[in-house]
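Participant: Got a file for you: data_5.csv, CSV, C-alpha atoms.
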```csv
chain,number,residue,atom,x,y,z
A,1,MET,CA,89.8,359.6,10.6
A,2,ALA,CA,91.0,356.6,8.6
A,3,THR,CA,91.4,357.4,4.9
A,4,ASP,CA,92.4,353.8,4.1
A,5,SER,CA,89.4,352.2,2.3
A,6,ARG,CA,90.3,348.8,3.9
A,7,VAL,CA,88.3,349.2,7.1
A,8,SER,CA,87.9,345.9,8.9
A,9,ALA,CA,84.5,344.4,10.0
A,10,ALA,CA,83.0,344.9,13.5
A,11,ASP,CA,84.8,341.6,14.6
A,12,GLY,CA,88.1,342.7,13.1
A,13,ARG,CA,88.0,340.5,9.9
A,14,GLU,CA,88.7,341.9,6.4
A,15,VAL,CA,85.7,341.9,4.1
A,16,GLY,CA,86.5,341.0,0.5
A,17,VAL,CA,84.9,342.1,-2.8
A,18,GLY,CA,83.6,338.5,-3.4
A,19,GLU,CA,82.0,338.3,0.1
A,20,LEU,CA,80.3,341.7,-0.5
A,21,PHE,CA,78.9,340.4,-3.8
A,22,VAL,CA,77.7,337.1,-2.5
A,23,GLY,CA,76.3,338.7,0.7
A,24,PHE,CA,74.2,341.2,-1.2
A,25,LEU,CA,73.2,338.6,-3.9
A,26,ARG,CA,71.6,336.5,-1.1
A,27,LEU,CA,69.9,339.6,0.3
A,28,GLY,CA,68.5,340.4,-3.1
A,29,LEU,CA,66.9,337.0,-3.2
A,30,ILE,CA,65.4,336.9,0.3
A,31,SER,CA,64.2,340.4,1.0
A,32,PHE,CA,60.5,340.6,0.2
A,33,GLY,CA,58.4,343.6,0.9
A,34,GLY,CA,61.0,346.2,2.0
A,35,ALA,CA,64.6,345.0,2.3
A,36,LEU,CA,65.7,347.0,5.3
A,37,PRO,CA,65.0,344.5,8.1
A,38,PHE,CA,66.7,341.7,6.2
A,39,VAL,CA,69.8,343.9,5.4
A,40,ARG,CA,70.1,344.8,9.1
A,41,ARG,CA,69.9,341.2,10.3
A,42,ALA,CA,72.5,340.0,7.7
A,43,VAL,CA,74.9,342.9,8.1
A,44,VAL,CA,74.8,343.4,11.8
A,45,GLU,CA,73.8,340.0,13.3
A,46,GLN,CA,74.8,337.3,10.9
A,47,ARG,CA,77.9,338.6,9.0
A,48,ARG,CA,79.0,341.2,11.6
A,49,TRP,CA,80.2,343.6,9.0
A,50,LEU,CA,79.0,346.6,11.1
A,51,SER,CA,78.1,347.2,14.7
A,52,SER,CA,74.6,348.3,15.5
A,53,GLU,CA,75.7,351.9,15.9
A,54,GLU,CA,77.7,352.0,12.7
A,55,PHE,CA,74.7,350.6,10.9
A,56,ILE,CA,72.4,353.3,12.3
A,57,ASP,CA,74.8,356.0,11.4
A,58,LEU,CA,75.3,354.7,7.8
A,59,LEU,CA,71.5,354.3,7.4
A,60,GLY,CA,71.1,358.0,8.5
A,61,LEU,CA,73.3,359.1,5.7
A,62,CYS,CA,71.5,356.8,3.2
A,63,GLN,CA,68.1,358.2,4.2
A,64,PHE,CA,69.4,361.7,3.9
A,65,LEU,CA,70.8,361.3,0.3
A,66,PRO,CA,68.7,360.8,-2.8
A,67,GLY,CA,68.0,357.3,-3.9
A,68,GLY,CA,66.6,354.2,-2.3
A,69,ASN,CA,67.7,353.8,1.3
A,70,VAL,CA,68.8,350.2,0.9
A,71,ILE,CA,70.4,350.7,-2.5
A,72,ASN,CA,72.5,353.5,-1.0
A,73,LEU,CA,73.3,351.3,2.0
A,74,SER,CA,74.7,348.6,-0.2
A,75,VAL,CA,76.9,351.2,-1.9
A,76,ALA,CA,78.0,352.7,1.4
A,77,ILE,CA,78.9,349.4,2.9
A,78,GLY,CA,80.8,348.2,-0.2
A,79,MET,CA,82.6,351.5,-0.4
A,80,ARG,CA,83.5,351.4,3.3
A,81,PHE,CA,85.3,348.0,3.0
A,82,ARG,CA,86.7,347.9,-0.6
A,83,GLY,CA,86.3,351.4,-2.2
A,84,ALA,CA,84.7,351.7,-5.6
A,85,MET,CA,85.1,348.0,-6.5
A,86,GLY,CA,83.3,347.0,-3.2
A,87,ALA,CA,80.5,349.4,-3.9
A,88,LEU,CA,80.0,348.1,-7.4
A,89,ALA,CA,80.1,344.5,-6.2
A,90,ALA,CA,77.6,345.2,-3.5
A,91,ILE,CA,75.0,347.0,-5.6
A,92,THR,CA,75.4,344.6,-8.6
A,93,GLY,CA,74.9,341.6,-6.4
A,94,PHE,CA,71.9,343.2,-4.7
A,95,ILE,CA,70.0,344.1,-7.9
A,96,ALA,CA,71.1,341.2,-10.2
A,97,VAL,CA,68.5,338.5,-9.2
A,98,PRO,CA,65.6,340.8,-8.5
A,99,SER,CA,66.1,342.4,-12.0
A,100,LEU,CA,65.9,339.0,-13.7
A,101,ILE,CA,62.8,338.1,-11.6
A,102,VAL,CA,60.9,341.2,-12.4
A,103,ILE,CA,61.7,340.9,-16.1
A,104,ALA,CA,60.4,337.3,-16.0
A,105,LEU,CA,57.2,338.5,-14.2
A,106,GLY,CA,56.9,341.3,-16.8
A,107,VAL,CA,57.0,338.7,-19.7
A,108,VAL,CA,54.4,336.6,-18.0
A,109,TYR,CA,52.2,339.7,-17.4
A,110,ALA,CA,52.6,340.9,-21.0
A,111,LYS,CA,51.5,337.4,-22.3
A,112,THR,CA,48.6,336.9,-19.9
A,113,GLN,CA,47.2,340.4,-19.2
A,114,HIS,CA,44.1,339.9,-21.4
A,115,ASP,CA,43.1,336.7,-19.7
A,116,PRO,CA,40.1,337.6,-17.5
A,117,ILE,CA,41.2,335.8,-14.4
A,118,VAL,CA,44.8,337.2,-14.6
A,119,HIS,CA,43.3,340.6,-15.3
A,120,HIS,CA,41.1,340.4,-12.2
A,121,MET,CA,44.0,339.0,-10.1
A,122,PHE,CA,46.1,342.1,-11.1
A,123,GLY,CA,43.2,344.3,-10.1
A,124,GLY,CA,43.4,342.9,-6.6
A,125,LEU,CA,47.2,342.8,-6.4
A,126,ALA,CA,47.5,346.5,-7.6
A,127,ALA,CA,44.8,347.5,-5.1
A,128,ALA,CA,46.8,345.8,-2.3
A,129,ALA,CA,50.0,347.4,-3.4
A,130,ALA,CA,48.3,350.8,-3.4
A,131,GLY,CA,47.2,350.0,0.2
A,132,LEU,CA,50.8,349.4,1.2
A,133,LEU,CA,51.7,352.8,-0.2
A,134,VAL,CA,48.9,354.4,1.8
A,135,ALA,CA,50.2,352.8,5.0
A,136,MET,CA,53.7,354.0,4.1
A,137,ALA,CA,52.4,357.5,3.7
A,138,MET,CA,50.8,357.3,7.2
A,139,LYS,CA,54.0,356.0,8.8
A,140,VAL,CA,56.2,358.7,7.3
A,141,ALA,CA,53.6,361.4,8.4
A,142,LYS,CA,53.9,360.4,12.1
A,143,PRO,CA,56.7,362.9,12.9
A,144,ILE,CA,54.9,365.9,11.4
A,145,VAL,CA,51.3,365.5,12.7
A,146,ARG,CA,51.9,368.0,15.5
A,147,SER,CA,53.6,370.6,13.3
A,148,PRO,CA,51.3,373.0,11.5
A,149,GLU,CA,54.2,374.1,9.2
A,150,GLY,CA,55.0,370.5,8.4
A,151,ILE,CA,51.4,369.7,7.5
A,152,PHE,CA,51.2,372.9,5.4
A,153,VAL,CA,54.2,372.0,3.4
A,154,ALA,CA,53.1,368.4,2.9
A,155,ALA,CA,49.7,369.5,1.8
A,156,VAL,CA,51.1,372.0,-0.7
A,157,ILE,CA,53.4,369.3,-2.2
A,158,PHE,CA,50.6,366.8,-2.3
A,159,ALA,CA,48.4,369.3,-4.2
A,160,ALA,CA,51.1,370.3,-6.6
A,161,ILE,CA,52.2,366.8,-7.5
A,162,ALA,CA,49.0,364.7,-7.2
A,163,LEU,CA,46.3,367.2,-8.1
A,164,VAL,CA,47.9,369.9,-10.4
A,165,ARG,CA,50.5,367.3,-11.6
A,166,LEU,CA,53.3,369.8,-11.7
A,167,PRO,CA,56.8,368.4,-12.6
A,168,LEU,CA,58.8,367.3,-9.6
A,169,LEU,CA,62.1,369.3,-10.2
A,170,PRO,CA,60.7,372.8,-10.1
A,171,THR,CA,58.3,371.9,-7.3
A,172,MET,CA,61.1,370.6,-5.1
A,173,LEU,CA,63.4,373.5,-6.0
A,174,VAL,CA,60.8,375.9,-4.6
A,175,LEU,CA,59.3,374.0,-1.7
A,176,THR,CA,62.3,372.2,-0.2
A,177,PRO,CA,64.2,375.4,0.7
A,178,LEU,CA,60.9,376.8,2.0
A,179,SER,CA,60.4,373.7,4.2
A,180,ILE,CA,64.0,373.8,5.5
A,181,ALA,CA,63.6,377.6,6.3
A,182,LEU,CA,60.4,376.8,8.2
A,183,ALA,CA,62.0,374.0,10.2
A,184,TRP,CA,65.0,376.3,11.0
A,185,ARG,CA,62.7,379.1,12.2
A,186,ARG,CA,60.6,376.7,14.2
A,187,GLN,CA,63.6,375.2,16.0
A,188,ARG,CA,65.2,378.7,16.6
A,189,ARG,CA,62.0,379.8,18.2
A,190,ALA,CA,61.7,376.7,20.3
A,191,LEU,CA,65.3,377.3,21.4
A,192,SER,CA,64.8,380.9,22.4
A,193,ALA,CA,61.6,380.1,24.2
A,194,HIS,CA,63.6,377.5,26.1
A,195,LYS,CA,66.2,380.1,27.0
A,196,ASP,CA,63.5,382.5,28.2
A,197,THR,CA,62.1,380.0,30.6
A,198,VAL,CA,65.6,379.2,31.9
A,199,LYS,CA,66.1,382.9,32.6
B,1,MET,CA,65.1,353.5,-30.7
B,2,SER,CA,68.1,355.5,-29.6
B,3,ALA,CA,65.9,358.5,-29.0
B,4,THR,CA,63.9,356.3,-26.6
B,5,LEU,CA,67.1,355.2,-24.8
B,6,VAL,CA,68.2,358.8,-24.5
B,7,ALA,CA,64.8,359.7,-23.0
B,8,LEU,CA,65.0,356.8,-20.6
B,9,ALA,CA,68.5,357.8,-19.5
B,10,THR,CA,67.4,361.4,-19.0
B,11,ILE,CA,64.2,360.6,-17.1
B,12,PHE,CA,65.7,358.1,-14.7
B,13,SER,CA,69.0,359.9,-14.0
B,14,GLN,CA,67.0,363.0,-13.1
B,15,LEU,CA,64.7,360.9,-10.9
B,16,SER,CA,67.7,359.2,-9.3
B,17,LEU,CA,69.0,362.5,-8.0
B,18,LEU,CA,65.6,363.8,-7.0
B,19,ALA,CA,64.6,360.7,-4.9
B,20,PHE,CA,65.1,362.3,-1.5
B,21,GLY,CA,63.2,360.2,1.0
B,22,GLY,CA,63.4,357.0,-1.0
B,23,GLY,CA,62.0,355.7,-4.3
B,24,ASN,CA,58.3,356.0,-3.5
B,25,THR,CA,58.6,359.8,-3.6
B,26,ILE,CA,59.4,359.9,-7.3
B,27,LEU,CA,56.5,357.6,-8.5
B,28,PRO,CA,54.2,360.5,-9.4
B,29,GLU,CA,56.9,362.1,-11.6
B,30,MET,CA,57.8,358.7,-13.1
B,31,GLN,CA,54.1,358.0,-13.9
B,32,ARG,CA,53.8,361.5,-15.4
B,33,GLN,CA,56.8,361.0,-17.7
B,34,VAL,CA,56.0,357.4,-18.7
B,35,VAL,CA,52.3,357.8,-19.1
B,36,GLN,CA,51.5,361.4,-19.9
B,37,VAL,CA,54.6,362.8,-21.5
B,38,HIS,CA,55.9,359.8,-23.5
B,39,HIS,CA,52.8,357.6,-23.8
B,40,TRP,CA,54.9,354.4,-23.3
B,41,MET,CA,52.0,352.7,-21.5
B,42,SER,CA,48.6,353.4,-19.9
B,43,ALA,CA,48.2,354.4,-16.3
B,44,GLU,CA,46.7,351.0,-15.6
B,45,GLN,CA,49.7,349.2,-17.0
B,46,PHE,CA,52.0,351.4,-15.0
B,47,THR,CA,50.2,350.5,-11.8
B,48,ALA,CA,50.3,346.8,-12.7
B,49,LEU,CA,54.1,346.9,-13.2
B,50,PHE,CA,54.4,348.8,-9.9
B,51,ALA,CA,52.3,346.1,-8.2
B,52,LEU,CA,54.4,343.3,-9.7
B,53,ALA,CA,57.7,345.0,-8.7
B,54,GLN,CA,56.3,345.2,-5.1
B,55,ALA,CA,55.5,341.5,-5.1
B,56,ALA,CA,59.1,340.6,-6.3
B,57,PRO,CA,62.1,340.3,-3.9
B,58,GLY,CA,64.8,343.0,-3.7
B,59,PRO,CA,64.9,346.7,-3.4
B,60,ASN,CA,61.6,348.5,-4.0
B,61,MET,CA,62.4,350.5,-7.2
B,62,MET,CA,62.5,347.5,-9.5
B,63,ILE,CA,59.6,349.1,-11.4
B,64,VAL,CA,62.4,351.1,-13.2
B,65,THR,CA,63.9,347.9,-14.6
B,66,MET,CA,60.5,346.7,-15.8
B,67,ILE,CA,59.7,350.0,-17.5
B,68,GLY,CA,63.1,350.0,-19.3
B,69,TRP,CA,62.6,346.5,-20.5
B,70,HIS,CA,59.0,347.1,-21.5
B,71,VAL,CA,59.8,350.2,-23.5
B,72,ALA,CA,63.1,349.2,-25.2
B,73,GLY,CA,64.0,345.5,-24.4
B,74,TRP,CA,67.4,344.6,-23.0
B,75,PRO,CA,69.1,347.9,-24.0
B,76,GLY,CA,66.3,349.7,-22.3
B,77,PHE,CA,66.8,347.6,-19.2
B,78,ILE,CA,70.5,348.3,-19.0
B,79,VAL,CA,70.1,352.1,-19.7
B,80,SER,CA,67.3,352.5,-17.1
B,81,THR,CA,69.1,350.5,-14.4
B,82,LEU,CA,72.3,352.5,-14.8
B,83,ALA,CA,70.5,355.8,-15.0
B,84,LYS,CA,68.3,355.0,-11.9
B,85,PHE,CA,71.0,353.6,-9.7
B,86,GLY,CA,74.2,355.2,-11.0
B,87,PRO,CA,73.9,358.9,-10.1
B,88,SER,CA,72.5,358.4,-6.5
B,89,SER,CA,75.1,355.7,-5.9
B,90,LEU,CA,77.9,358.1,-7.0
B,91,VAL,CA,76.5,360.7,-4.6
B,92,THR,CA,76.4,358.2,-1.7
B,93,ALA,CA,80.0,357.0,-2.4
B,94,ALA,CA,81.2,360.6,-2.6
B,95,SER,CA,79.4,361.7,0.6
B,96,LEU,CA,80.7,359.0,2.9
B,97,HIS,CA,83.7,361.0,4.3
B,98,ALA,CA,81.9,364.4,4.4
B,99,TRP,CA,79.1,362.7,6.5
B,100,GLU,CA,81.5,361.8,9.2
B,101,ARG,CA,82.9,365.4,9.3
B,102,PHE,CA,79.5,367.2,9.5
B,103,LYS,CA,78.0,364.6,11.9
B,104,ASP,CA,77.2,367.0,14.7
B,105,ARG,CA,76.6,370.3,12.9
B,106,PRO,CA,73.2,371.8,13.7
B,107,TRP,CA,72.3,372.6,10.0
B,108,ARG,CA,72.2,368.9,9.3
B,109,ARG,CA,69.3,368.6,11.7
B,110,TYR,CA,67.4,371.6,10.1
B,111,VAL,CA,67.9,370.1,6.6
B,112,GLN,CA,66.7,366.7,7.8
B,113,SER,CA,63.6,368.0,9.6
B,114,GLY,CA,62.8,370.3,6.7
B,115,MET,CA,63.0,367.3,4.3
B,116,THR,CA,60.4,365.3,6.2
B,117,PRO,CA,57.3,367.2,5.2
B,118,VAL,CA,58.4,367.1,1.6
B,119,THR,CA,58.8,363.3,1.8
B,120,VAL,CA,55.3,363.0,3.4
B,121,GLY,CA,53.7,365.1,0.7
B,122,LEU,CA,55.4,363.1,-2.0
B,123,VAL,CA,54.6,359.6,-0.6
B,124,ALA,CA,51.0,360.7,0.0
B,125,ALA,CA,50.8,361.9,-3.7
B,126,SER,CA,52.2,358.5,-4.8
B,127,ALA,CA,49.6,356.6,-2.7
B,128,ALA,CA,46.8,358.8,-4.2
B,129,LEU,CA,47.9,358.5,-7.8
B,130,ILE,CA,48.6,354.7,-7.6
B,131,SER,CA,45.2,354.1,-5.9
B,132,HIS,CA,43.4,356.2,-8.4
B,133,ALA,CA,45.0,354.5,-11.4
B,134,SER,CA,44.5,351.0,-10.1
B,135,ASN,CA,41.1,351.1,-8.5
B,136,GLN,CA,38.1,351.1,-10.7
B,137,ALA,CA,35.7,349.0,-8.7
B,138,ALA,CA,34.5,349.5,-5.1
B,139,ILE,CA,36.0,346.1,-4.1
B,140,GLN,CA,39.4,347.4,-5.1
B,141,TRP,CA,39.0,350.5,-2.9
B,142,ALA,CA,38.0,348.1,-0.1
B,143,ILE,CA,41.2,346.0,-0.6
B,144,THR,CA,43.3,349.2,-0.6
B,145,ALA,CA,41.7,350.4,2.6
B,146,ALA,CA,42.0,347.1,4.3
B,147,CYS,CA,45.7,346.6,3.3
B,148,ALA,CA,46.5,350.2,4.4
B,149,ALA,CA,44.9,349.6,7.8
B,150,LEU,CA,46.5,346.2,8.4
B,151,ALA,CA,50.0,347.4,7.2
B,152,PHE,CA,49.7,350.5,9.4
B,153,ARG,CA,48.3,348.8,12.6
B,154,THR,CA,49.8,345.3,12.5
B,155,ARG,CA,53.1,343.6,11.8
B,156,ILE,CA,51.7,341.3,9.1
B,157,HIS,CA,54.3,340.7,6.4
B,158,PRO,CA,53.4,342.8,3.4
B,159,LEU,CA,53.7,339.8,1.1
B,160,TRP,CA,50.7,338.2,2.8
B,161,LEU,CA,48.6,341.3,2.1
B,162,LEU,CA,49.6,341.3,-1.5
B,163,ALA,CA,48.8,337.6,-1.8
B,164,ALA,CA,45.4,338.2,-0.2
B,165,GLY,CA,44.6,341.1,-2.5
B,166,ALA,CA,45.6,339.0,-5.6
B,167,ALA,CA,43.5,336.1,-4.3
B,168,ILE,CA,40.4,338.2,-3.7
B,169,GLY,CA,41.0,339.9,-7.1
B,170,ALA,CA,41.3,336.6,-8.9
B,171,THR,CA,37.8,335.5,-7.9
B,172,GLY,CA,36.5,338.5,-10.0
B,173,PHE,CA,34.2,339.4,-7.2
B,174,GLY,CA,32.9,343.0,-7.6
B,175,GLN,CA,35.1,343.7,-10.6
B,176,ILE,CA,33.7,344.3,-14.1
```
Would you give me this structure, written as structure tokens?
Facilitator:
Amino acid sequence: MATDSRVSAADGREVGVGELFVGFLRLGLISFGGALPFVRRAVVEQRRWLSSEEFIDLLGLCQFLPGGNVINLSVAIGMRFRGAMGALAAITGFIAVPSLIVIALGVVYAKTQHDPIVHHMFGGLAAAAAGLLVAMAMKVAKPIVRSPEGIFVAAVIFAAIALVRLPLLPTMLVLTPLSIALAWRRQRRALSAHKDTVK
Amino acid sequence: MSATLVALATIFSQLSLLAFGGGNTILPEMQRQVVQVHHWMSAEQFTALFALAQAAPGPNMMIVTMIGWHVAGWPGFIVSTLAKFGPSSLVTAASLHAWERFKDRPWRRYVQSGMTPVTVGLVAASAALISHASNQAAIQWAITAACAALAFRTRIHPLWLLAAGAAIGATGFGQI
């Protein structure tokens, strides 16, 4: 395994700190409504920093770890090419412009929130944003709809967080190990059932 | 002022490390801390900031930036941003090599499939809480349901759905 932090891009070029910063700065500007598809297109197809397989592997890591997938991806890509400086350049570039834009929007909102038309507009916007979250919940639920254990764990978490409003940390400390143990037991059982049928 | 900054740093660095399955899983806890524990804003304001952050470009946790700025101005913005993105980024940077090593170990798959139901429960909780906080009128519930169905079934760009929701909302139809 290469321990040198200067890995070259998929097409053999070296990727510099400045290129990482500018690349992610552009991505921060254009990626509306979920940045992942934009990042994939830029990183794999346009800039050719990573091959498609390398991208999927890095994305797997970033989904596994805490934090936003795409934020983690910017850190991982920066780190891969230029170490800590590269990671810093990538994430800073990525969040710089969106930060300024949301602050500007926040100022406008604070000044106009009592205007009735603006108030109503936000009523509609927030309702639509809530709908996107509902769709997201439905999409992430797809892999567990046939697993009773999975539905059970998801329902308990939902009740604890949304209905009882328990704090997140203790809830996760109890339920995450339980969920992993259930997944482990389920796959072990599936494996031994498979062995029995092979016998 | 500095007590507020310490509170922002504590809340968001903890959330940063708990955000397994992405930013949307920590919205309920963020709302609980910001609205119920610290009373920095109303649930309705929290939802409006979330909606604004969704309509803006970039990664989807920009609501953190807005909360920091709303609560404590530029220092709040800087502290919240560092606290939210710093710890998880350090974990990512540190894990890069280990990930390669454990790539094919079976426990990685158990952990991953065990995390999925947790993520589902948390994202569903986010959706329920945000809908409940934002929707007072029947027309808003209708917008939420229509957007959910369209985003789930079709490939319409989410920005169009947000724009349509805002446009219907602006007419004031059905709202008090």
Participant: Near Tyr109 in chain A, counting only C-alpha atoms, which residues have an atom at most 10 Å away, once you skip same-chain residues fewer than 2 positions from it, shown as a count of residues only?
Facilitator: 17
Participant: Just checking: using only C-alpha atoms, which residue out of A:Gly12, A:Pro148, A:Pro143, A:Gly124 ends up closest to Leu162 in chain B?
Facilitator: A:Gly124
Participant: For chain B, which of A:Val145, A:Met79, A:Val164, A:Glu45 is the closest residue, counting only C-alpha atoms?
Facilitator: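 Ranking A:Val145, A:Met79, A:Val164, A:Glu45 by distance to chain B, first place goes to A:Met79.
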Participant: Which residues come within 10 Å of Asn72 in chain A, counting all atoms listed in the file, excluding same-chain residues fewer than 5 positions away, as number ranges by chain?
Facilitator: A: 58-59, 61-63, 65-67, 77-78, 87, 91; B: 22, 85, 88-93
Participant: Given only C-alpha atoms as the basis, pick out the residue of A:Leu178, A:Ala10, A:Val134, A:Leu173 nearest to Leu18 in chain B.
Facilitator: A:Leu173
Participant: Would you pick out the contacts of Val22 in chain A at 12 Å or less, using only C-alpha atoms, so that residues sharing its chain but fewer than 3 positions from it are not included, and give the list as JSON, numbers by chain?
Facilitator: {"A": [15, 16, 17, 18, 19, 25, 26, 27, 28, 29, 42, 47, 78, 86, 89, 90, 91, 92, 93, 94, 95, 96, 97]}
Participant: Skip range 133-139 of chain B itself and residues of its chain fewer than 6 positions away, then list as a PyMOL selection string all residues within 8 Å of it, counting all atoms listed in the file.
Facilitator: (chain A and resi 123+126-127+130) or (chain B and resi 43-44+47-48+173-176)
Participant: Excluding range 2-12 of chain B and any residue of its chain fewer than 4 positions from it, enumerate the residues within 10 Å of it, using all atoms listed in the file, and give them as a list in words.
Facilitator: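 Non-adjacent residues within range: Ser16, Leu17, Leu18, Ile26, Glu29, Met30, Gln33, Val34, His38, Trp40, Val64, Ile67, Gly68, Val71, Ala72, Pro75, Gly76, Phe77, Ile78, Val79, Ser80, Thr81, Leu82, Ala83, Lys84, Phe85, Gly86 and Pro87 of chain B.
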Participant: For C-alpha atoms, I'd like the residues from the last selection saved as a PDB file, keeping the file's coordinate frame.
Facilitator:
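Here's the written file selection-v3.pdb:
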```pdb
ATOM      1  CA  SER B  16      67.700 359.200  -9.300  1.00  0.00           C
ATOM      2  CA  LEU B  17      69.000 362.500  -8.000  1.00  0.00           C
ATOM      3  CA  LEU B  18      65.600 363.800  -7.000  1.00  0.00           C
ATOM      4  CA  ILE B  26      59.400 359.900  -7.300  1.00  0.00           C
ATOM      5  CA  GLU B  29      56.900 362.100 -11.600  1.00  0.00           C
ATOM      6  CA  MET B  30      57.800 358.700 -13.100  1.00  0.00           C
ATOM      7  CA  GLN B  33      56.800 361.000 -17.700  1.00  0.00           C
ATOM      8  CA  VAL B  34      56.000 357.400 -18.700  1.00  0.00           C
ATOM      9  CA  HIS B  38      55.900 359.800 -23.500  1.00  0.00           C
ATOM     10  CA  TRP B  40      54.900 354.400 -23.300  1.00  0.00           C
ATOM     11  CA  VAL B  64      62.400 351.100 -13.200  1.00  0.00           C
ATOM     12  CA  ILE B  67      59.700 350.000 -17.500  1.00  0.00           C
ATOM     13  CA  GLY B  68      63.100 350.000 -19.300  1.00  0.00           C
ATOM     14  CA  VAL B  71      59.800 350.200 -23.500  1.00  0.00           C
ATOM     15  CA  ALA B  72      63.100 349.200 -25.200  1.00  0.00           C
ATOM     16  CA  PRO B  75      69.100 347.900 -24.000  1.00  0.00           C
ATOM     17  CA  GLY B  76      66.300 349.700 -22.300  1.00  0.00           C
ATOM     18  CA  PHE B  77      66.800 347.600 -19.200  1.00  0.00           C
ATOM     19  CA  ILE B  78      70.500 348.300 -19.000  1.00  0.00           C
ATOM     20  CA  VAL B  79      70.100 352.100 -19.700  1.00  0.00           C
ATOM     21  CA  SER B  80      67.300 352.500 -17.100  1.00  0.00           C
ATOM     22  CA  THR B  81      69.100 350.500 -14.400  1.00  0.00           C
ATOM     23  CA  LEU B  82      72.300 352.500 -14.800  1.00  0.00           C
ATOM     24  CA  ALA B  83      70.500 355.800 -15.000  1.00  0.00           C
ATOM     25  CA  LYS B  84      68.300 355.000 -11.900  1.00  0.00           C
ATOM     26  CA  PHE B  85      71.000 353.600  -9.700  1.00  0.00           C
ATOM     27  CA  GLY B  86      74.200 355.200 -11.000  1.00  0.00           C
ATOM     28  CA  PRO B  87      73.900 358.900 -10.100  1.00  0.00           C
TER      29      PRO B  87
END
```
Participant: Which one is closest to chain A: B:Phe102, B:Gly169, B:Trp69, B:Trp74? Count only C-alpha atoms.
Facilitator: B:Gly169
Participant: How far is it from CA of Leu161 in chain B to CA of Ala137 in chain A, in Å with one decimal?
Facilitator: 16.7 Å
Participant: Expressed in Å to a single decimal, how great is the separation between CA of Ala35 in chain A and CA of Leu159 in chain B?
Facilitator: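 Rounded to one decimal, the two atoms are 12.1 Å apart.
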Participant: I need the residue nearest chain A from this list: B:Phe46, B:Gly121, B:Arg155, B:His132. Use all atoms listed in the file for the distance.
Facilitator: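 For chain A, the nearest of the given residues is B:Gly121.
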Participant: Can you tell me how far CA of Lys195 in chain A sits from CA of Ser179 in chain A, in Å to one decimal?
Facilitator: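 Computing it gives 24.4 Å between the two atoms.
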Participant: Which one is closest to chain A: B:Ser13, B:Gln31, B:Ser113, B:Gln36? Count all atoms listed in the file.
Facilitator: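 Checking each candidate against chain A, we get B:Ser113 as the closest.
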Participant: Could range 84-93 of chain A be completed with N, CA, C and O atoms and written as a compact mmCIF listing (two decimals), keeping the file's coordinate frame, please?
Facilitator:
```txt
# COMPACT_ATOMS: atom_id res chain seq x y z
N ALA A 84 85.60 351.73 -4.46
CA ALA A 84 84.70 351.70 -5.60
C ALA A 84 84.34 350.29 -6.03
O ALA A 84 83.18 349.98 -6.36
N MET A 85 85.33 349.40 -6.04
CA MET A 85 85.10 348.00 -6.50
C MET A 85 84.08 347.33 -5.51
O MET A 85 83.21 346.58 -5.94
N GLY A 86 84.25 347.60 -4.24
CA GLY A 86 83.30 347.00 -3.20
C GLY A 86 81.93 347.53 -3.43
O GLY A 86 80.96 346.76 -3.36
N ALA A 87 81.81 348.85 -3.69
CA ALA A 87 80.50 349.40 -3.90
C ALA A 87 79.81 348.80 -5.11
O ALA A 87 78.64 348.44 -5.08
N LEU A 88 80.58 348.66 -6.18
CA LEU A 88 80.00 348.10 -7.40
C LEU A 88 79.61 346.63 -7.18
O LEU A 88 78.54 346.20 -7.61
N ALA A 89 80.46 345.87 -6.45
CA ALA A 89 80.10 344.50 -6.20
C ALA A 89 78.86 344.37 -5.36
O ALA A 89 77.97 343.55 -5.65
N ALA A 90 78.71 345.23 -4.35
CA ALA A 90 77.60 345.20 -3.50
C ALA A 90 76.26 345.48 -4.21
O ALA A 90 75.28 344.72 -4.16
N ILE A 91 76.24 346.59 -4.94
CA ILE A 91 75.00 347.00 -5.60
C ILE A 91 74.64 346.05 -6.74
O ILE A 91 73.48 345.70 -6.95
N THR A 92 75.66 345.58 -7.47
CA THR A 92 75.40 344.60 -8.60
C THR A 92 74.81 343.35 -8.03
O THR A 92 73.84 342.82 -8.56
N GLY A 93 75.44 342.84 -6.96
CA GLY A 93 74.90 341.60 -6.40
C GLY A 93 73.50 341.80 -5.88
O GLY A 93 72.65 340.94 -6.07
```
